[in-house]
$ cat my_file_4.txt   # compact mmCIF, C-alpha atoms and all ligand atoms
# COMPACT_ATOMS: atom_id res chain seq x y z
CA MET A 14 63.03 140.34 86.72
CA PHE A 15 64.35 136.77 86.74
CA ALA A 16 66.84 137.70 84.03
CA LEU A 17 67.97 140.66 86.15
CA ILE A 18 68.55 138.49 89.25
CA THR A 19 70.31 135.91 87.09
CA SER A 20 72.66 138.50 85.59
CA GLY A 21 73.34 139.94 89.06
CA VAL A 22 74.28 136.58 90.52
CA LEU A 23 76.35 135.70 87.47
CA ALA A 24 78.19 139.00 87.66
CA LEU A 25 78.84 138.46 91.39
CA SER A 26 80.20 134.96 90.79
CA PHE A 27 82.33 136.21 87.93
CA VAL A 28 83.81 138.99 90.05
CA LEU A 29 84.50 136.54 92.89
CA ALA A 30 86.14 134.10 90.48
CA ALA A 31 88.25 136.88 88.99
CA VAL A 32 89.31 138.05 92.47
CA LEU A 33 90.26 134.48 93.33
CA LYS A 34 92.23 134.08 90.19
CA TYR A 35 94.22 137.29 90.16
CA LYS A 36 94.61 138.30 93.79
CA PHE A 37 94.77 135.31 96.06
CA ILE A 38 96.40 132.56 94.07
CA ALA A 39 100.20 132.10 94.14
CA LYS A 40 102.26 134.14 91.71
CA LYS A 41 102.94 132.81 88.24
CA LYS A 42 106.11 130.70 87.99
CA SER A 43 108.80 131.12 85.36
CA LEU A 44 109.24 128.57 82.59
CA LEU A 45 112.78 129.59 81.69
CA GLY A 46 114.66 126.45 80.65
CA ARG A 47 111.84 124.17 81.88
CA HIS A 48 110.55 121.26 79.80
CA VAL A 49 106.91 121.54 78.74
CA LEU A 50 105.43 118.62 76.79
CA VAL A 51 102.08 119.04 75.05
CA THR A 52 100.18 116.13 73.54
CA GLY A 53 97.95 117.28 70.70
CA GLY A 54 100.44 120.14 70.34
CA SER A 55 100.23 120.23 66.52
CA SER A 56 96.79 121.86 66.40
CA GLY A 57 94.18 124.00 68.13
CA ILE A 58 94.32 124.51 71.90
CA GLY A 59 97.42 122.31 72.37
CA LYS A 60 99.39 124.27 69.78
CA CYS A 61 98.41 127.56 71.46
CA ILE A 62 99.57 126.26 74.88
CA ALA A 63 102.90 125.27 73.28
CA LEU A 64 103.21 128.74 71.66
CA GLU A 65 102.56 130.47 75.01
CA ALA A 66 105.10 128.24 76.78
CA ALA A 67 107.73 129.05 74.12
CA LYS A 68 107.07 132.78 74.61
CA ILE A 69 108.03 132.53 78.30
CA GLY A 70 111.21 130.55 77.81
CA ALA A 71 110.22 126.87 77.96
CA ASN A 72 111.86 123.98 76.13
CA VAL A 73 108.87 122.59 74.26
CA THR A 74 108.05 119.09 73.00
CA ILE A 75 104.87 118.50 71.00
CA VAL A 76 103.40 115.06 70.43
CA ALA A 77 100.73 113.95 67.91
CA ARG A 78 100.44 111.49 65.00
CA ASN A 79 100.62 113.44 61.71
CA GLU A 80 104.31 114.36 61.07
CA SER A 81 103.79 117.14 58.54
CA ARG A 82 101.37 118.97 60.87
CA LEU A 83 103.83 118.46 63.75
CA LEU A 84 106.67 119.88 61.69
CA SER A 85 104.80 123.00 60.61
CA ALA A 86 103.45 123.60 64.15
CA LEU A 87 106.99 123.25 65.56
CA GLU A 88 108.28 125.90 63.14
CA GLU A 89 105.53 128.24 64.32
CA ILE A 90 106.35 127.51 67.99
CA LYS A 91 110.10 128.06 67.43
CA GLY A 92 109.24 131.43 65.91
CA GLN A 93 107.83 132.55 69.30
CA CYS A 94 110.89 131.65 71.38
CA LEU A 95 112.22 134.03 74.02
CA ASN A 96 115.91 133.21 73.57
CA ASN A 97 118.30 131.11 71.48
CA ASP A 98 118.99 128.59 74.26
CA GLN A 99 115.50 127.10 74.09
CA LYS A 100 115.11 123.59 72.68
CA PHE A 101 112.19 122.33 70.59
CA LYS A 102 111.20 118.83 69.53
CA TYR A 103 108.31 116.98 67.98
CA LEU A 104 107.51 113.29 68.34
CA SER A 105 104.98 111.27 66.40
CA VAL A 106 103.06 108.50 68.16
CA ASP A 107 99.48 107.26 68.45
CA LEU A 108 98.85 107.83 72.15
CA ALA A 109 95.85 105.49 72.04
CA GLY A 110 97.97 102.72 70.47
CA ASP A 111 100.49 100.28 71.92
CA TYR A 112 101.49 101.39 75.46
CA SER A 113 105.15 100.38 75.06
CA MET A 114 105.43 102.72 72.03
CA VAL A 115 103.87 105.56 74.04
CA LYS A 116 106.29 104.95 76.94
CA THR A 117 109.34 104.72 74.64
CA THR A 118 108.38 107.94 72.83
CA LEU A 119 107.83 109.94 76.01
CA ASN A 120 111.11 108.59 77.46
CA ILE A 121 112.92 109.93 74.37
CA ALA A 122 111.42 113.36 75.06
CA ILE A 123 112.51 113.28 78.71
CA ASN A 124 116.05 112.04 77.91
CA GLU A 125 116.62 114.67 75.21
CA MET A 126 114.72 117.66 76.62
CA GLY A 127 115.08 117.21 80.38
CA PRO A 128 112.75 116.33 83.28
CA LEU A 129 109.13 117.27 82.76
CA TYR A 130 107.94 120.46 84.43
CA LEU A 131 104.55 120.57 82.73
CA PHE A 132 102.91 117.58 81.07
CA ILE A 133 99.87 118.75 79.16
CA ASN A 134 97.38 116.22 77.81
CA CYS A 135 95.51 117.95 75.03
CA ALA A 136 94.99 115.21 72.40
CA GLY A 137 91.28 114.66 71.94
CA MET A 138 88.35 114.76 69.56
CA ALA A 139 84.57 114.80 69.26
CA ILE A 140 82.19 113.09 66.87
CA CYS A 141 78.67 114.46 67.19
CA GLY A 142 75.32 112.74 66.85
CA THR A 143 72.68 111.14 69.03
CA LEU A 144 73.66 107.73 70.43
CA GLU A 145 71.79 105.78 67.72
CA GLU A 146 73.47 107.86 65.00
CA VAL A 147 77.08 107.38 66.16
CA SER A 148 78.71 104.20 64.80
CA THR A 149 80.36 101.74 67.21
CA ASN A 150 83.63 102.50 65.42
CA ASP A 151 83.29 106.21 66.25
CA ILE A 152 82.33 105.38 69.85
CA MET A 153 85.58 103.43 70.24
CA LYS A 154 87.53 106.21 68.51
CA MET A 155 86.29 108.78 71.04
CA ILE A 156 86.92 106.51 74.04
CA ASN A 157 90.42 105.69 72.76
CA THR A 158 91.42 109.23 71.79
CA ASN A 159 89.99 111.09 74.76
CA LEU A 160 90.28 108.60 77.57
CA ILE A 161 92.80 105.87 76.74
CA SER A 162 95.38 108.22 75.19
CA THR A 163 95.27 110.52 78.25
CA ILE A 164 95.52 107.61 80.70
CA GLN A 165 98.34 105.90 78.77
CA ALA A 166 100.36 109.08 78.29
CA THR A 167 100.00 110.08 81.94
CA LYS A 168 100.85 106.57 83.18
CA ALA A 169 104.02 106.68 81.09
CA ILE A 170 105.39 109.78 82.87
CA VAL A 171 103.77 109.94 86.31
CA ASP A 172 106.30 107.80 88.20
CA GLU A 173 109.22 109.90 86.96
CA MET A 174 107.41 113.12 87.92
CA LYS A 175 106.67 111.78 91.41
CA GLN A 176 110.32 110.81 91.84
CA ASN A 177 111.43 114.28 90.70
CA GLY A 178 109.10 115.78 93.31
CA PHE A 179 107.86 118.62 91.13
CA GLY A 180 105.74 119.39 88.09
CA SER A 181 102.15 119.68 86.94
CA ILE A 182 99.96 117.42 84.85
CA VAL A 183 97.10 118.88 82.83
CA ILE A 184 94.12 116.74 81.89
CA THR A 185 92.07 118.40 79.17
CA SER A 186 88.42 117.58 79.64
CA SER A 187 85.60 119.95 78.60
CA LEU A 188 82.74 121.95 80.06
CA ALA A 189 80.77 118.95 78.76
CA SER A 190 82.21 117.09 81.76
CA PHE A 191 79.86 119.07 84.01
CA CYS A 192 76.86 119.04 81.76
CA GLY A 193 75.84 116.27 79.37
CA ILE A 194 74.71 117.88 76.11
CA TYR A 195 72.33 116.62 73.40
CA GLY A 196 74.29 115.10 70.50
CA LEU A 197 77.42 114.62 72.63
CA SER A 198 76.46 111.60 74.74
CA VAL A 199 79.60 109.53 74.12
CA TYR A 200 81.91 112.56 74.06
CA SER A 201 80.43 113.76 77.38
CA ALA A 202 80.95 110.27 78.85
CA THR A 203 84.67 110.34 77.97
CA LYS A 204 85.06 113.84 79.40
CA PHE A 205 83.14 113.01 82.62
CA ALA A 206 85.53 110.06 83.00
CA LEU A 207 88.54 112.34 82.63
CA ARG A 208 87.25 114.48 85.46
CA GLY A 209 87.22 111.44 87.78
CA PHE A 210 90.68 110.51 86.52
CA ALA A 211 92.04 113.99 87.28
CA GLU A 212 90.53 114.09 90.79
CA ALA A 213 91.92 110.68 91.74
CA LEU A 214 95.30 111.38 90.14
CA SER A 215 95.53 114.63 92.07
CA MET A 216 95.11 112.66 95.34
CA GLU A 217 97.78 110.17 94.25
CA THR A 218 100.39 112.79 93.30
CA LYS A 219 99.78 115.68 95.72
CA SER A 220 102.06 114.42 98.52
CA PHE A 221 104.89 114.00 95.95
CA GLY A 222 104.76 117.68 94.95
CA VAL A 223 103.06 116.99 91.61
CA LYS A 224 99.94 119.05 90.88
CA VAL A 225 97.03 118.23 88.59
CA THR A 226 94.96 120.75 86.62
CA LEU A 227 91.66 119.83 85.00
CA ALA A 228 91.25 122.01 81.90
CA LEU A 229 87.61 122.65 80.96
CA PRO A 230 87.56 124.48 77.64
CA PRO A 231 84.27 125.94 76.43
CA ASP A 232 83.48 125.84 72.66
CA THR A 233 86.74 126.94 71.02
CA ASP A 234 87.35 127.81 67.38
CA THR A 235 89.92 125.14 66.42
CA PRO A 236 90.36 122.76 63.44
CA GLY A 237 88.92 120.02 65.68
CA TYR A 238 85.85 122.13 66.46
CA ALA A 239 85.30 122.95 62.76
CA ASN A 240 85.47 119.25 61.97
CA GLU A 241 83.03 118.14 64.68
CA SER A 242 80.59 120.93 63.77
CA LYS A 243 79.98 119.36 60.33
CA ASP A 244 77.94 116.53 61.88
CA LYS A 245 76.31 118.43 64.74
CA PRO A 246 72.56 117.88 65.09
CA ILE A 247 70.61 121.14 64.89
CA GLU A 248 69.80 120.83 68.61
CA THR A 249 73.52 120.74 69.50
CA LEU A 250 74.22 123.74 67.26
CA LEU A 251 71.40 125.78 68.85
CA ILE A 252 72.49 124.85 72.40
CA SER A 253 76.12 125.75 71.54
CA ALA A 254 74.92 129.09 70.17
CA THR A 255 73.65 130.10 73.64
CA ALA A 256 77.31 130.46 74.73
CA LYS A 257 80.31 132.33 73.35
CA LEU A 258 82.83 130.73 70.98
CA PHE A 259 86.38 131.38 72.27
CA THR A 260 89.65 131.56 70.37
CA PRO A 261 92.28 128.83 70.96
CA GLU A 262 94.77 131.58 71.88
CA GLU A 263 92.67 132.82 74.84
CA VAL A 264 91.89 129.27 75.99
CA GLY A 265 95.52 128.09 75.62
CA ARG A 266 96.85 131.14 77.47
CA LYS A 267 94.38 130.62 80.33
CA ILE A 268 95.18 126.89 80.70
CA LEU A 269 98.90 127.68 80.95
CA GLN A 270 98.32 130.51 83.47
CA ASP A 271 96.02 128.42 85.66
CA THR A 272 98.44 125.49 85.59
CA LEU A 273 101.34 127.70 86.64
CA ASN A 274 99.14 129.14 89.39
CA GLY A 275 98.45 125.62 90.69
CA CYS A 276 94.68 125.74 90.07
CA PHE A 277 92.76 122.47 89.90
CA PHE A 278 90.02 123.81 87.61
CA SER A 279 90.96 125.84 84.55
CA THR A 280 88.23 127.42 82.51
CA VAL A 281 87.35 130.55 80.55
CA GLY A 282 84.23 132.73 80.49
CA LEU A 283 81.15 133.27 82.60
CA GLU A 284 79.50 129.87 82.04
CA GLY A 285 82.77 128.09 82.78
CA HIS A 286 83.31 129.88 86.09
CA MET A 287 79.67 129.41 87.05
CA MET A 288 79.92 125.67 86.39
CA THR A 289 83.18 125.14 88.29
CA ILE A 290 81.54 126.80 91.32
CA SER A 291 78.22 124.98 91.11
CA CYS A 292 79.65 121.54 90.21
CA ALA A 293 82.69 121.52 92.53
CA GLY A 294 81.61 118.35 94.36
CA MET A 295 84.64 116.83 96.11
CA ALA A 296 87.18 118.32 93.72
CA PRO A 297 90.36 119.74 95.29
CA TYR A 298 90.14 123.47 96.07
CA THR A 299 92.99 125.82 95.28
CA SER A 300 92.38 128.42 98.03
CA TYR A 301 90.05 129.05 100.99
CA LEU A 302 88.47 131.88 99.05
CA GLU A 303 87.61 129.54 96.20
CA LEU A 304 86.08 127.16 98.75
CA ILE A 305 84.01 129.95 100.35
CA CYS A 306 82.81 130.99 96.91
CA GLN A 307 81.73 127.40 96.14
CA VAL A 308 79.95 127.05 99.49
CA PHE A 309 78.02 130.33 99.31
CA CYS A 310 77.30 130.62 95.57
CA GLY A 311 76.66 126.91 94.87
CA GLY A 312 72.96 126.94 95.78
CA ILE A 313 71.89 129.95 93.76
CA LEU A 314 74.00 128.85 90.79
CA ARG A 315 72.19 125.50 90.88
CA LEU A 316 68.96 127.45 90.32
CA ILE A 317 70.51 129.14 87.31
CA THR A 318 71.55 125.79 85.85
CA VAL A 319 67.90 124.73 86.11
CA TYR A 320 66.98 127.78 84.02
CA TYR A 321 69.56 126.74 81.36
CA GLN A 322 68.19 123.17 81.40
CA TYR A 323 64.72 124.61 80.78
CA LEU A 324 66.05 126.61 77.80
CA PHE A 325 67.82 123.56 76.35
CA ASP A 326 64.71 121.37 76.78
CA LYS A 327 62.68 124.02 74.92
CA ILE A 328 65.19 124.01 72.04
CA ILE A 329 65.08 120.21 71.82
CA GLU A 330 61.27 120.11 71.94
CA LYS A 331 61.00 122.78 69.20
CA CYS A 332 63.42 120.88 66.91
CA LYS A 333 61.48 117.64 67.47
CA LEU A 334 58.19 119.33 66.52
CA GLU A 335 59.76 120.88 63.41
CA ARG A 336 61.16 117.51 62.34
CA GLU A 337 57.77 115.82 62.80
CA HIS A 338 56.10 118.67 60.90
CA LYS A 339 58.51 118.23 57.93
CA LYS A 340 57.75 114.47 57.85
CA ILE A 341 54.04 115.11 57.29
N1 LIG A 401 87.65 122.95 70.51
C1 LIG A 401 86.69 122.87 71.41
O1 LIG A 401 85.62 123.48 71.29
C2 LIG A 401 86.91 122.06 72.68
C3 LIG A 401 85.99 122.21 73.73
C4 LIG A 401 86.17 121.45 74.88
C5 LIG A 401 87.25 120.57 74.98
N2 LIG A 401 88.11 120.46 73.94
C6 LIG A 401 89.22 119.50 74.10
O2 LIG A 401 90.46 120.18 73.93
C7 LIG A 401 91.43 119.31 73.33
C8 LIG A 401 92.00 119.96 72.09
O3 LIG A 401 90.93 120.19 71.18
P1 LIG A 401 91.15 120.97 69.80
O4 LIG A 401 89.81 121.45 69.40
O5 LIG A 401 92.27 121.90 69.94
O6 LIG A 401 91.54 119.72 68.84
P2 LIG A 401 92.30 119.66 67.43
O7 LIG A 401 92.49 120.99 66.83
O8 LIG A 401 91.56 118.64 66.63
O9 LIG A 401 93.71 119.03 67.85
C9 LIG A 401 93.77 117.73 68.36
C10 LIG A 401 95.22 117.31 68.52
O10 LIG A 401 95.27 116.01 69.10
C11 LIG A 401 96.13 115.18 68.29
N3 LIG A 401 95.68 113.79 68.42
C12 LIG A 401 94.43 113.32 68.21
N4 LIG A 401 94.39 112.00 68.41
C13 LIG A 401 95.64 111.62 68.79
C14 LIG A 401 96.24 110.39 69.13
N5 LIG A 401 95.53 109.24 69.12
N6 LIG A 401 97.56 110.36 69.45
C15 LIG A 401 98.27 111.50 69.45
N7 LIG A 401 97.77 112.70 69.14
C16 LIG A 401 96.46 112.77 68.81
C17 LIG A 401 95.96 115.77 66.87
O11 LIG A 401 97.01 115.47 65.98
P3 LIG A 401 97.00 114.15 65.01
O12 LIG A 401 95.61 114.03 64.47
O13 LIG A 401 98.05 114.43 63.99
O14 LIG A 401 97.35 113.01 65.90
C18 LIG A 401 95.97 117.25 67.22
O15 LIG A 401 97.30 117.69 67.44
C19 LIG A 401 90.69 118.00 73.07
O16 LIG A 401 90.90 117.13 74.16
C20 LIG A 401 89.22 118.41 73.03
O17 LIG A 401 88.34 117.38 73.36
C21 LIG A 401 87.98 121.17 72.80

$ encode --input "my_file_4.txt" --output "structure tokens" --more "lines below"
Ligand SMILES: NC(=O)c1ccc[n+]([C@@H]2O[C@H](COP(=O)([O-])OP(=O)(O)OC[C@H]3O[C@@H](n4cnc5c(N)ncnc54)[C@H](OP(=O)(O)O)[C@@H]3O)[C@@H](O)[C@H]2O)c1
Amino acid sequence: MFALITSGVLALSFVLAAVLKYKFIAKKKSLLGRHVLVTGGSSGIGKCIALEAAKIGANVTIVARNESRLLSALEEIKGQCLNNDQKFKYLSVDLAGDYSMVKTTLNIAINEMGPLYLFINCAGMAICGTLEEVSTNDIMKMINTNLISTIQATKAIVDEMKQNGFGSIVITSSLASFCGIYGLSVYSATKFALRGFAEALSMETKSFGVKVTLALPPDTDTPGYANESKDKPIETLLISATAKLFTPEEVGRKILQDTLNGCFFSTVGLEGHMMTISCAGMAPYTSYLELICQVFCGGILRLITVYYQYLFDKIIEKCKLEREHKKI
């Protein structure tokens, strides 16, 4: 019975979210001849966003550290272009490193490829393990890659975007920014922080015509995900298994669409939509319908999150008992 009510409410929320997305939000803009820069564009979700942007006519710059991966990703992206006038470029820089290098690199992109229309922060990583298991070195790596690189890269371009009076900035967080998950304590902390960053940035840039989108990918089958999964505690694996694993193509496509539609939240799938409604807080709303949906569905969705918390606690308790049993 409870499961039936849950599915009913979830289906209702999903339908409402879909209506919001496709019917009431402004029409998708063209990217013909526009400059789209994607950090982390050599792999996974970032590469798929760059591919989608190339398909609809954008001039694309990708930024990451490893040059050979950048080069091969750029060839793939060029292969998807809409016409021969499009320009493509890659730039190698450690976005978590020296700020003056980050600024110089992004200035090169703007000077050669034109003013930024979309600036997409997608560089990021996760190292799994409970807090006592993760080394201090890995803690700093996550903070630097997820938080510092996004803040530095955005700081380097935001003034120019505000002066231009147009454009969108994407901050790639995670569904783990709504829901701290076992084995992802430090990762969740960096992604929660990015949510605050995106909300405040949106307030700072809105009156200048610059929009901010907070991308909240669910588990997505990327090289980064494969890498982090190697060290996942069994609890994290079992909790992850309660939700669907998405492809980077569907997530990348959705982030680009939502950004062009001016949405603040961008997510994919039932859990994602449920969480953006139930955890909206004081985040900017994209339309009155979205707001109404958050106001009227928030309470019941909170109840459903309690049900998920109960399931996750059960998983964690079972794993703890099994571990203790093995010790004996
Ligand atoms: N995959 C998922 O399940 C998932 C779920 C939620 C959120 N996310 C978020 O989505 C984003 C993309 O994830 P992904 O799975 O697609 O990752 P990925 O396949 O590992 O790609 C990460 C990209 O970031 C670049 N990068 C990393 N550190 C960098 C640095 N310091 N400076 C410049 N570039 C850097 C990497 O290139 P180099 O190593 O060559 O620099 C690579 O291009 C991340 O922010 C991640 O946290 C992913």

$ residues_near_ligand --input "my_file_4.txt" --ligand "ligand LIG 401 (chain A)" --cutoff "6 Å" --atoms "only C-alpha atoms and all ligand atoms" --output "PyMOL selection string"
chain A and resi 53-59+77-79+106-109+135-138+158+185-187+230-238

$ closest_residue --input "my_file_4.txt" --among "A:Ser220, A:Asn120, A:Ser279, A:Thr143" --to "Glu248 in chain A" --atoms "all atoms listed in the file"
A:Thr143

$ residues_around --input "my_file_4.txt" --residues "range 113-115 of chain A" --least-positions-apart "2" --cutoff "12 Å" --atoms "all atoms listed in the file" --output "list in words"
Thr52, Val76, Ala77, Arg78, Leu104, Ser105, Val106, Asp107, Leu108, Ala109, Gly110, Asp111, Thr117, Thr118, Leu119, Asn120, Ile121, Ala122, Ile161, Ser162, Thr163, Ile164, Gln165, Ala166, Thr167, Lys168, Ala169 and Ile170 of chain A

$ closest_residue --input "my_file_4.txt" --among "A:Leu83, A:Ile268, A:Leu188, A:Val225" --to "Gly285 in chain A" --atoms "only C-alpha atoms"
A:Leu188

$ atom_distance --input "my_file_4.txt" --atom1 "CA of Phe132 in chain A" --atom2 "CA of Met155 in chain A"
21.3 Å

$ closest_atom_pairs --input "my_file_4.txt" --of "range 39-156 of chain A" --to "range 174-183 of chain A" --cutoff "10 Å" --atoms "only C-alpha atoms" --output "CSV"
residue,atom,partner,partner_atom,distance
A:Arg47,CA,A:Gly180,CA,9.9
A:His48,CA,A:Gly180,CA,9.8
A:Val49,CA,A:Ser181,CA,9.7
A:Leu50,CA,A:Ile182,CA,9.8
A:Val51,CA,A:Val183,CA,9.2
A:Pro128,CA,A:Met174,CA,7.8
A:Leu129,CA,A:Gly180,CA,6.7
A:Tyr130,CA,A:Gly180,CA,4.4
A:Leu131,CA,A:Ser181,CA,4.9
A:Phe132,CA,A:Ile182,CA,4.8
A:Ile133,CA,A:Val183,CA,4.6
A:Asn134,CA,A:Val183,CA,5.7
A:Cys135,CA,A:Val183,CA,8.0

$ closest_residue --input "my_file_4.txt" --among "A:Ser43, A:Cys310, A:Lys91, A:Glu241" --to "Leu273 in chain A" --atoms "all atoms listed in the file"
A:Ser43

$ atom_distance --input "my_file_4.txt" --atom1 "CA of Ala67 in chain A" --atom2 "CA of Ile184 in chain A"
19.9 Å

$ closest_residue --input "my_file_4.txt" --among "A:Val199, A:Leu258, A:Val319, A:Met287" --to "Met153 in chain A" --atoms "only C-alpha atoms"
A:Val199

$ residues_around --input "my_file_4.txt" --residues "range 326-339 of chain A" --least-positions-apart "6" --cutoff "10 Å" --atoms "only C-alpha atoms" --output "ChimeraX atom specification"
/A:195,246-249,251-252,320

$ atom_distance --input "my_file_4.txt" --atom1 "CA of Cys292 in chain A" --atom2 "CA of Arg315 in chain A"
8.5 Å

$ closest_residue --input "my_file_4.txt" --among "A:Met126, A:Cys61, A:Leu227, A:Ala256" --to "Phe210 in chain A" --atoms "all atoms listed in the file"
A:Leu227

$ closest_residue --input "my_file_4.txt" --among "A:Ile156, A:Ile313, A:Ala296, A:Val73" --to "Tyr103 in chain A" --atoms "only C-alpha atoms"
A:Val73

$ residues_around --input "my_file_4.txt" --residues "Ile290 in chain A" --least-positions-apart "5" --cutoff "8 Å" --atoms "all atoms listed in the file" --output "PDB file with C-alpha atoms, in the frame of the given file"
ATOM      1  CA  CYS A 306      82.810 130.990  96.910  1.00  0.00           C
ATOM      2  CA  GLN A 307      81.730 127.400  96.140  1.00  0.00           C
ATOM      3  CA  CYS A 310      77.300 130.620  95.570  1.00  0.00           C
ATOM      4  CA  GLY A 311      76.660 126.910  94.870  1.00  0.00           C
ATOM      5  CA  LEU A 314      74.000 128.850  90.790  1.00  0.00           C
TER       6      LEU A 314
END
